[in-house]
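Working notes for the structure below.
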Amino acid sequence: HAREAGLDPNDPRLRLAFDLSKALIGFPRHLSQHTGGFVMSRGRLDELVPIENATMPDRTVVQWDKNDIDELGMMKVDILALGMLTAIRKAFELLERHYGEKRTLSNIPSKDPAVFQMLQNADSIGVFQVESRAQQSMLPRLKPQEFYDLVIEVAIVRPGPIQGDMVHPYLRRREGKEPVTFPSEALEKILGKTLGVPLFQEQAMQIAITGAGFTPDEADDLRRSLATFRHVGTISNHRDRFLQGMRENGYPEEFAERCFSQIEGFGTYGFPEAHAISFANLVWVSAWIKYHYPAAFCAALLNSQPMGFYAPAQLVRDARQHSVEIRPIDVNLSDWDSTLQATNRPGKYAVRLGLRLVAGLSEKDGKSIVNARATGYKSPADIALRSGCSRLAIDRLAQADAFSSIRLNRRQALWKAGAVERDMPPLFRSAHNDLFEDPKLDLPAASPSQEVVEDYVATGLTLRKHPLAFLRSKLREKRVIPAAMLKQTPNDRLVTVAGLVLFRQQPGTAHGTIFLSLEDETGVVNLIVWQAVQFKFRQAVYAAKLIVCQGSLQKEGQVIHVIARQIWDWSNQLRELNSEQGSTVVLPVR
């Protein structure tokens, strides 16, 4: 990379970086038998730099500013922690335990047409980096067929390429709607892999050196001016020097202006190619696991929360749509983590939801319940006596309807949990019957819709009917169509749709446009809400849990959106699902 960018490979700073990278490659194996941590200095760190406690527990930060360190000539190394790495590791552990396959990041097959087809269909919920609305809209258009296409996919849906007007030219050239041309053979070598459109920071540096005659030091200064993450870049300071250099080397003024405009887009945020390649590798690995082992993929994601765009409810729903059996939380059958359990289909496993999904249940209580159950618990009181868990833990499990194996429904379990005394006198510990309840008590059964409400309150998801299934008759009266019908509906048709709000997004590159994703019992509807509509229906757009929307259906290949015209807040309808208690459904919104 140094040579390609025109930098001196013998630069002491580059040699130091190279030596450190070699040390890091073999570092974990060498260090695991000693400290189990990451060595940053030969001596005590607090004797070298000022450090302080971070806001998060057990975290420490160095007080020096990264720009000051740069001015001092000290090397900086960014170490990025990714939740997907945890999820992939947990998925690999499940594959080895249940399928006998020992997988690593390096031995996943690199070519699998079925996995690429899944990505082309935007079937990417839970897949690293490509599960967002923008990425799901791009996948059917870019149609990745090989690994480097994923590198492009990761890099192109970024503020830099979008604001630099690189996305549409690249797609037109990829689809054959625009010829791929290069103003010179020198630039063809730089831009050949990206069809003549600069997408990576390295390409910006190489264009500056080759096309505009920048020196390596000037190119490095250009690189530094390309902003990352939250900091605004200063690339515009290089404009006159760049345009003059391009003119002197015989490039047309229009091309030079367009080229600098594209590079200038990185002033908001663009990816280095090496970064995009690393991310694309995780895209591929997570997609491969999702396609071939959807049960293990779902369990691993659930055990790595919080992460990604989607709440456990949507991850579970997606797994069920991929024919994965999901089994409910149970005090006698669930571990703390979600696990895989054998089914009557050879080679197929079900996901047993873990106790970690029970709202308000501490990990300490959850694991003590699992460790003490032996051949199984017989009652809520039995759990309290044998595990030593808190009374609150029993109540939380009852609210989560986790006593099916003891043949107690939610209301029965809540009643019995109310009589639990953990510190019961020895005289009563051997009693086989519950001593503090009326055995003749006949509790009324909850309605199906109330059960759904309680599921969401206690665990954030349900394995019963979707909430909108109970409102479908009312929605039908308003001519609301299910999400699944949009595929068969003609383009530009005026439609009315409804759904629970999964998440709201307002990217900085969208010029104020808000993107909403709604979920009903048949699928997901994606809304585009222009600013004028936002102002008119502000309360519904920003606060509603359940939305009804009328708008124009827009299709482009497999990408389907509804351009909102009118939006209504139907959140009050959710109260009817639990009318007996008069409370509102608590649903996760990302």
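By convention in this document, the chains of the structure tokens carry letters A, B, ... by their order, each chain's residues are numbered from 1, and ligands are numbered from 1 in the order they are shown.
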Could you give me, as JSON lines, every region 94-191 of chain A residue with an atom at most 12 Å from region 512-534 of chain A, plus its closest atom pair and distance in Å to one decimal, counting only C-alpha atoms, rows ordered by chain then number?
```
{"residue": "A:Asp123", "atom": "CA", "partner": "A:Val524", "partner_atom": "CA", "distance": 11.9}
{"residue": "A:Ile125", "atom": "CA", "partner": "A:Val524", "partner_atom": "CA", "distance": 11.4}
{"residue": "A:Ser132", "atom": "CA", "partner": "A:Ser517", "partner_atom": "CA", "distance": 10.4}
{"residue": "A:Arg133", "atom": "CA", "partner": "A:Phe515", "partner_atom": "CA", "distance": 8.1}
{"residue": "A:Ala134", "atom": "CA", "partner": "A:Phe515", "partner_atom": "CA", "distance": 9.4}
{"residue": "A:Gln136", "atom": "CA", "partner": "A:Asn526", "partner_atom": "CA", "distance": 10.7}
{"residue": "A:Ser137", "atom": "CA", "partner": "A:Asn526", "partner_atom": "CA", "distance": 10.0}
```
What would the file look like if the residues just selected were written as a short mmCIF file (atom, residue, chain, number, x, y, z; two decimals), in the first residue's frame with N, CA and C atoms?
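To be explicit, this is the file written out as again17.cif:
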```
data_model
loop_
_atom_site.label_atom_id
_atom_site.label_comp_id
_atom_site.auth_asym_id
_atom_site.auth_seq_id
_atom_site.Cartn_x
_atom_site.Cartn_y
_atom_site.Cartn_z
N ASP A 123 -32.02 -10.40 1.44
CA ASP A 123 -32.40 -11.21 2.60
C ASP A 123 -31.23 -11.16 3.57
N ILE A 125 -31.24 -9.58 7.00
CA ILE A 125 -31.47 -9.20 8.40
C ILE A 125 -30.45 -9.93 9.28
N SER A 132 -29.00 -2.69 7.00
CA SER A 132 -29.71 -1.42 7.10
C SER A 132 -30.63 -1.23 5.91
N ARG A 133 -31.53 -0.25 6.02
CA ARG A 133 -32.45 0.06 4.93
C ARG A 133 -31.68 0.42 3.67
N ALA A 134 -30.67 1.29 3.81
CA ALA A 134 -29.93 1.74 2.63
C ALA A 134 -29.21 0.58 1.96
N GLN A 136 -29.97 -2.65 2.17
CA GLN A 136 -30.94 -3.57 1.59
C GLN A 136 -31.52 -3.04 0.29
N SER A 137 -31.55 -1.73 0.14
CA SER A 137 -31.99 -1.15 -1.13
C SER A 137 -30.90 -1.26 -2.19
#
```
Do you know which residues are at most 8 Å from Ser334 (chain A) counting only C-alpha atoms, after dropping those on the same chain fewer than 6 positions away, and could you put them as number ranges by chain?
A: 352-355, 370
Name the residues of region 403-577 of chain A that fall into alpha helix (DSSP H) according to DSSP on the backbone, using the chain letters and numbers of this document, as a PyMOL selection string.
chain A and resi 410-417+426-429+448-459+472-477+531-536+538-543
Write out the residues from the selection above, keeping C-alpha atoms, as a PDB file, in the first residue's frame.
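Once everything was written out, this is out-v7.pdb:
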```
ATOM      1  CA  ARG A 410     -48.826 -17.137  33.140  1.00  0.00           C
ATOM      2  CA  ARG A 411     -51.616 -16.209  35.563  1.00  0.00           C
ATOM      3  CA  GLN A 412     -51.276 -19.389  37.604  1.00  0.00           C
ATOM      4  CA  ALA A 413     -47.526 -18.891  37.823  1.00  0.00           C
ATOM      5  CA  LEU A 414     -47.914 -15.263  38.902  1.00  0.00           C
ATOM      6  CA  TRP A 415     -50.349 -16.340  41.640  1.00  0.00           C
ATOM      7  CA  LYS A 416     -47.974 -18.995  42.928  1.00  0.00           C
ATOM      8  CA  ALA A 417     -44.993 -16.643  42.662  1.00  0.00           C
ATOM      9  CA  PRO A 426     -36.906 -25.761  57.756  1.00  0.00           C
ATOM     10  CA  LEU A 427     -40.186 -27.318  58.917  1.00  0.00           C
ATOM     11  CA  PHE A 428     -41.882 -26.284  55.675  1.00  0.00           C
ATOM     12  CA  ARG A 429     -39.029 -26.931  53.208  1.00  0.00           C
ATOM     13  CA  PRO A 448     -54.958 -14.407  23.071  1.00  0.00           C
ATOM     14  CA  SER A 449     -54.319 -10.698  22.493  1.00  0.00           C
ATOM     15  CA  GLN A 450     -53.564 -10.157  26.201  1.00  0.00           C
ATOM     16  CA  GLU A 451     -51.053 -13.003  26.083  1.00  0.00           C
ATOM     17  CA  VAL A 452     -49.291 -11.254  23.191  1.00  0.00           C
ATOM     18  CA  VAL A 453     -49.152  -7.993  25.106  1.00  0.00           C
ATOM     19  CA  GLU A 454     -47.677  -9.703  28.170  1.00  0.00           C
ATOM     20  CA  ASP A 455     -45.113 -11.488  25.998  1.00  0.00           C
ATOM     21  CA  TYR A 456     -43.848  -8.167  24.647  1.00  0.00           C
ATOM     22  CA  VAL A 457     -43.771  -6.592  28.102  1.00  0.00           C
ATOM     23  CA  ALA A 458     -41.852  -9.499  29.651  1.00  0.00           C
ATOM     24  CA  THR A 459     -39.462 -10.501  26.833  1.00  0.00           C
ATOM     25  CA  ARG A 472     -56.578  -6.905  10.666  1.00  0.00           C
ATOM     26  CA  SER A 473     -60.389  -6.754  10.408  1.00  0.00           C
ATOM     27  CA  LYS A 474     -60.351  -3.063  11.372  1.00  0.00           C
ATOM     28  CA  LEU A 475     -57.481  -2.390   9.004  1.00  0.00           C
ATOM     29  CA  ARG A 476     -59.324  -4.142   6.201  1.00  0.00           C
ATOM     30  CA  GLU A 477     -62.248  -1.759   6.704  1.00  0.00           C
ATOM     31  CA  GLN A 531     -39.971  16.936   4.797  1.00  0.00           C
ATOM     32  CA  ALA A 532     -43.319  18.457   3.792  1.00  0.00           C
ATOM     33  CA  VAL A 533     -45.123  15.318   4.958  1.00  0.00           C
ATOM     34  CA  GLN A 534     -43.085  15.256   8.180  1.00  0.00           C
ATOM     35  CA  PHE A 535     -44.180  18.756   9.107  1.00  0.00           C
ATOM     36  CA  LYS A 536     -47.829  17.943   8.438  1.00  0.00           C
ATOM     37  CA  ARG A 538     -45.038  15.330  12.844  1.00  0.00           C
ATOM     38  CA  GLN A 539     -46.511  13.582  15.898  1.00  0.00           C
ATOM     39  CA  ALA A 540     -47.201  10.339  14.033  1.00  0.00           C
ATOM     40  CA  VAL A 541     -43.866  10.365  12.201  1.00  0.00           C
ATOM     41  CA  TYR A 542     -41.739  10.876  15.288  1.00  0.00           C
ATOM     42  CA  ALA A 543     -43.683   9.236  18.128  1.00  0.00           C
TER      43      ALA A 543
END
```
Have a look at A:Ala274, A:Ile326, A:Ala212, A:Ala295 and name the one nearest to Ala256 (chain A); count only C-alpha atoms.
A:Ala212
Write down as an MDAnalysis selection string the residues of region 225-419 of chain A whose backbone DSSP state falls under strand (DSSP E).
chainID A and resid 326:327 339:342 349:352
Using only C-alpha atoms, find the one residue out of A:Ile51, A:Leu222, A:Ala114, A:Val283 that sits nearest to Val130 (chain A).
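Among the listed residues, A:Val283 lies closest to Val130 (chain A).
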Show me, as a PyMOL selection string, the residues that have an atom within 6 Å of region 297-302 of chain A when counting only C-alpha atoms, minus same-chain residues fewer than 6 positions from it.
chain A and resi 87+90-91+290+338
Surrounding residues of Ile383 (chain A) excluding itself and chain neighbours under 2 positions, 12 Å, only C-alpha atoms, as a PyMOL selection string
chain A and resi 331-332+365-366+368-374+376-381+385-391+393-395+397-398+403+406+416-417+420-422+429
